[in-house]
Every structure is written in structure tokens, then in C-alpha cells.
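Input: a single structure, listed below in C-alpha cells.
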Amino acid sequence: MTGYTIKSLKDVDDQAAKHGFSPDLEARFAREDLDCEQLGISYQRLAPGVRQPFAHRHGKDEEIYIVLAGSGQVRLDDETADIGPLDAVRVGPETVRGFAAGPEGLTLLAVGPHGSGDASVEPAAWPN
């Protein structure tokens, strides 16, 4: 392995399409494609007005989400916050998180540790 890897995130397999969530969601997890040893990164896109159908939490992995384009909301346990371009959201391990896109959609990067495989899926729990 070399000391660097360059890869377009659009060339990483779209896991949302593989699991039947396309075209509303796009999720590209690039840790292996980038040969990461200590970090994980994902590219996520939600179509306009779409809410993630699930949320998740971790046992010990902290994550940062960066809004690349669009706007929307992030659900953090029982709170909801508006987010927009270049907002960065740090989420502690046990906080349940999920995202909803505004009228122009929402594109995010998520960055965290290599991944201990400690994620658990939760109901989305969006308020009506």
C-alpha cells in the first residue's frame, strides 16, 4: 500500500441503491476504497423533501457530519436542528442521529474513526 489514495466518491458503490433506497437516498462508504486504516468516510445524499427511513447510534464511535450542499434537519435524540451548507455537526457515540432534506435536497460527508462495527439502527422517530 502507498502513503496515499485518490478516488472519486462517486466511484464508490452506492449502498442505498443496493438496498432499494434509490433514487431517494445515496450512500457511499469509502473506508475500504481509500485504504483507510484509522478513519471512515461516507458521502450521503438525500433527495428533496426526503427523510432517512431510519436513524442510528454508536457504542463508542464519535462522528462529524459536514453539509456540502442543500439544507435540511438533523435529528439528535429528541431534538431537531436546522442545517445548511458548511455546517459541521459533531455527534457523540450514543446520540441517535438521522437526517431530513429540505426542498433542494441535502448532501453530506460523514467522518469518524475506522469503525468498530458498533452501530445500531433505530427507528427514525421524526415528529409529525
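Each chain of the C-alpha cells is named A, B, ... in the order shown, its residues numbered from 1; ligands are numbered from 1 in display order.
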
Discussion item. Using only C-alpha atoms, which protein or nucleic acid residues come within 9 Å of Asp35 in chain A? Drop anything in the same chain fewer than 3 positions from it, and give the result as a list in words.
Written reply: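 Using only C-alpha atoms, the neighbours found are Met1, Tyr4, Thr5, Ala30, Arg31 and Glu32 of chain A.
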
Output C-alpha atoms for every residue in the selection just made, as a PDB file, in the first residue's frame.
ATOM      1  CA  MET A   1       0.000   0.000   0.000  1.00  0.00           C
ATOM      2  CA  TYR A   4      -1.927   7.962  -0.214  1.00  0.00           C
ATOM      3  CA  THR A   5      -5.062   7.062  -2.160  1.00  0.00           C
ATOM      4  CA  ALA A  30     -15.338   4.867   1.165  1.00  0.00           C
ATOM      5  CA  ARG A  31     -13.195   3.499   4.014  1.00  0.00           C
ATOM      6  CA  GLU A  32     -12.064   0.386   2.140  1.00  0.00           C
TER       7      GLU A  32
END

Using only C-alpha atoms, what table do you get, as a tab-separated table, when you list each residue of range 82-112 of chain A with an atom no more than 12 Å from range 21-27 of chain A, its nearest pair of atoms, and their distance in Å rounded to one decimal, rows by chain then rising number?
residue	atom	partner	partner_atom	distance
A:Phe99	CA	A:Leu25	CA	10.9
A:Ala100	CA	A:Leu25	CA	10.6
A:Ala101	CA	A:Asp24	CA	10.1
A:Gly105	CA	A:Asp24	CA	9.6
A:Leu106	CA	A:Leu25	CA	9.8
A:Thr107	CA	A:Glu26	CA	9.1
A:Leu108	CA	A:Ala27	CA	9.5
A:Leu109	CA	A:Ala27	CA	9.8
A:Ala110	CA	A:Ala27	CA	10.2

Go ahead and dump the residues you just picked, N, CA and C atoms, as a PDB file, in the first residue's frame.
ATOM      1  N   PHE A  99     -31.225  12.208   9.367  1.00  0.00           N
ATOM      2  CA  PHE A  99     -31.245  13.433   8.572  1.00  0.00           C
ATOM      3  C   PHE A  99     -32.485  13.507   7.697  1.00  0.00           C
ATOM      4  N   ALA A 100     -32.924  14.730   7.426  1.00  0.00           N
ATOM      5  CA  ALA A 100     -34.042  15.004   6.524  1.00  0.00           C
ATOM      6  C   ALA A 100     -33.621  16.138   5.605  1.00  0.00           C
ATOM      7  N   ALA A 101     -33.936  16.009   4.328  1.00  0.00           N
ATOM      8  CA  ALA A 101     -33.569  17.027   3.338  1.00  0.00           C
ATOM      9  C   ALA A 101     -34.639  18.096   3.225  1.00  0.00           C
ATOM     10  N   GLY A 105     -32.804  19.374  -1.372  1.00  0.00           N
ATOM     11  CA  GLY A 105     -32.029  18.167  -1.092  1.00  0.00           C
ATOM     12  C   GLY A 105     -30.961  18.447  -0.049  1.00  0.00           C
ATOM     13  N   LEU A 106     -30.199  17.410   0.291  1.00  0.00           N
ATOM     14  CA  LEU A 106     -29.159  17.520   1.306  1.00  0.00           C
ATOM     15  C   LEU A 106     -28.020  16.577   0.943  1.00  0.00           C
ATOM     16  N   THR A 107     -26.805  17.118   0.884  1.00  0.00           N
ATOM     17  CA  THR A 107     -25.620  16.313   0.597  1.00  0.00           C
ATOM     18  C   THR A 107     -24.647  16.471   1.759  1.00  0.00           C
ATOM     19  N   LEU A 108     -24.189  15.326   2.302  1.00  0.00           N
ATOM     20  CA  LEU A 108     -23.347  15.307   3.497  1.00  0.00           C
ATOM     21  C   LEU A 108     -22.094  14.477   3.290  1.00  0.00           C
ATOM     22  N   LEU A 109     -21.055  14.822   4.042  1.00  0.00           N
ATOM     23  CA  LEU A 109     -19.919  13.930   4.274  1.00  0.00           C
ATOM     24  C   LEU A 109     -19.978  13.550   5.738  1.00  0.00           C
ATOM     25  N   ALA A 110     -19.755  12.287   6.044  1.00  0.00           N
ATOM     26  CA  ALA A 110     -19.655  11.826   7.427  1.00  0.00           C
ATOM     27  C   ALA A 110     -18.250  11.284   7.633  1.00  0.00           C
TER      28      ALA A 110
END

Item to complete: Quick one: everything within 10 Å of Ala124 in chain A, counting only C-alpha atoms, minus sequence neighbours fewer than 3 positions away in the same chain. Send it as number ranges by chain.
Response: A: 51-56, 75, 77, 96-99, 121, 127

*List every residue of range 46-75 of chain A that DSSP, applied to the backbone of this structure, assigns to strand (DSSP E), and report them as an MDAnalysis selection string.*
chainID A and resid 46 54:57 63:75

Any chance you could export the current selection's N, CA and C atoms as an mmCIF file, in the first residue's frame?
data_model
loop_
_atom_site.group_PDB
_atom_site.id
_atom_site.type_symbol
_atom_site.label_atom_id
_atom_site.label_comp_id
_atom_site.auth_asym_id
_atom_site.auth_seq_id
_atom_site.Cartn_x
_atom_site.Cartn_y
_atom_site.Cartn_z
ATOM 1 N N LEU A 46 -29.552 13.003 0.106
ATOM 2 C CA LEU A 46 -30.986 12.802 0.247
ATOM 3 C C LEU A 46 -31.678 13.682 -0.780
ATOM 4 N N PHE A 54 -34.546 5.589 8.737
ATOM 5 C CA PHE A 54 -34.000 5.015 9.965
ATOM 6 C C PHE A 54 -32.996 6.004 10.537
ATOM 7 N N ALA A 55 -32.619 5.784 11.774
ATOM 8 C CA ALA A 55 -31.564 6.561 12.427
ATOM 9 C C ALA A 55 -30.557 5.544 12.960
ATOM 10 N N HIS A 56 -29.461 6.032 13.548
ATOM 11 C CA HIS A 56 -28.508 5.098 14.151
ATOM 12 C C HIS A 56 -27.743 5.760 15.282
ATOM 13 N N ARG A 57 -27.073 4.938 16.050
ATOM 14 C CA ARG A 57 -26.202 5.385 17.139
ATOM 15 C C ARG A 57 -24.995 4.454 17.176
ATOM 16 N N GLU A 63 -18.820 10.842 15.477
ATOM 17 C CA GLU A 63 -18.804 11.193 14.051
ATOM 18 C C GLU A 63 -18.989 12.688 13.864
ATOM 19 N N ILE A 64 -18.512 13.181 12.722
ATOM 20 C CA ILE A 64 -18.764 14.555 12.296
ATOM 21 C C ILE A 64 -19.424 14.494 10.930
ATOM 22 N N TYR A 65 -20.512 15.238 10.777
ATOM 23 C CA TYR A 65 -21.230 15.349 9.510
ATOM 24 C C TYR A 65 -21.046 16.770 8.994
ATOM 25 N N ILE A 66 -20.685 16.914 7.722
ATOM 26 C CA ILE A 66 -20.479 18.219 7.104
ATOM 27 C C ILE A 66 -21.444 18.351 5.940
ATOM 28 N N VAL A 67 -22.235 19.421 5.955
ATOM 29 C CA VAL A 67 -23.182 19.668 4.873
ATOM 30 C C VAL A 67 -22.420 20.262 3.689
ATOM 31 N N LEU A 68 -22.431 19.556 2.572
ATOM 32 C CA LEU A 68 -21.765 20.038 1.357
ATOM 33 C C LEU A 68 -22.686 20.908 0.522
ATOM 34 N N ALA A 69 -23.951 20.536 0.456
ATOM 35 C CA ALA A 69 -24.913 21.274 -0.377
ATOM 36 C C ALA A 69 -26.317 21.055 0.166
ATOM 37 N N GLY A 70 -27.189 21.976 -0.152
ATOM 38 C CA GLY A 70 -28.575 21.868 0.270
ATOM 39 C C GLY A 70 -28.759 22.243 1.722
ATOM 40 N N SER A 71 -29.892 21.842 2.259
ATOM 41 C CA SER A 71 -30.207 22.130 3.661
ATOM 42 C C SER A 71 -31.188 21.079 4.140
ATOM 43 N N GLY A 72 -31.486 21.143 5.430
ATOM 44 C CA GLY A 72 -32.435 20.194 5.984
ATOM 45 C C GLY A 72 -32.413 20.245 7.483
ATOM 46 N N GLN A 73 -32.646 19.080 8.078
ATOM 47 C CA GLN A 73 -32.664 18.970 9.523
ATOM 48 C C GLN A 73 -31.898 17.731 9.954
ATOM 49 N N VAL A 74 -31.336 17.803 11.148
ATOM 50 C CA VAL A 74 -30.718 16.646 11.773
ATOM 51 C C VAL A 74 -31.500 16.359 13.051
ATOM 52 N N ARG A 75 -31.805 15.092 13.241
ATOM 53 C CA ARG A 75 -32.481 14.632 14.457
ATOM 54 C C ARG A 75 -31.414 14.099 15.394
#

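For the atom pair formed by CA of Thr2 in chain A and CA of Glu37 in chain A, the distance is 12.1 Å, given to one decimal.
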
Find the residue from A:Val111, A:Val91, A:Val50, A:Ile83 that sits nearest to Cys36 in chain A; use only C-alpha atoms when measuring.
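Selected residue with least distance to Cys36 in chain A: A:Val111.
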
As a check of understanding: the span from CA of His19 in chain A to CA of Lys7 in chain A is 23.0 Å

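Of the listed residues A:Ala81, A:Pro103, A:Leu76, A:His58, the one whose atoms come nearest to Ala119 in chain A is A:His58, with distances taken using only C-alpha atoms.
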
So how far away is CA of Gly112 in chain A from CA of Gln38 in chain A, in Å?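 Separation of CA of Gln38 in chain A and CA of Gly112 in chain A: 8.7 Å.
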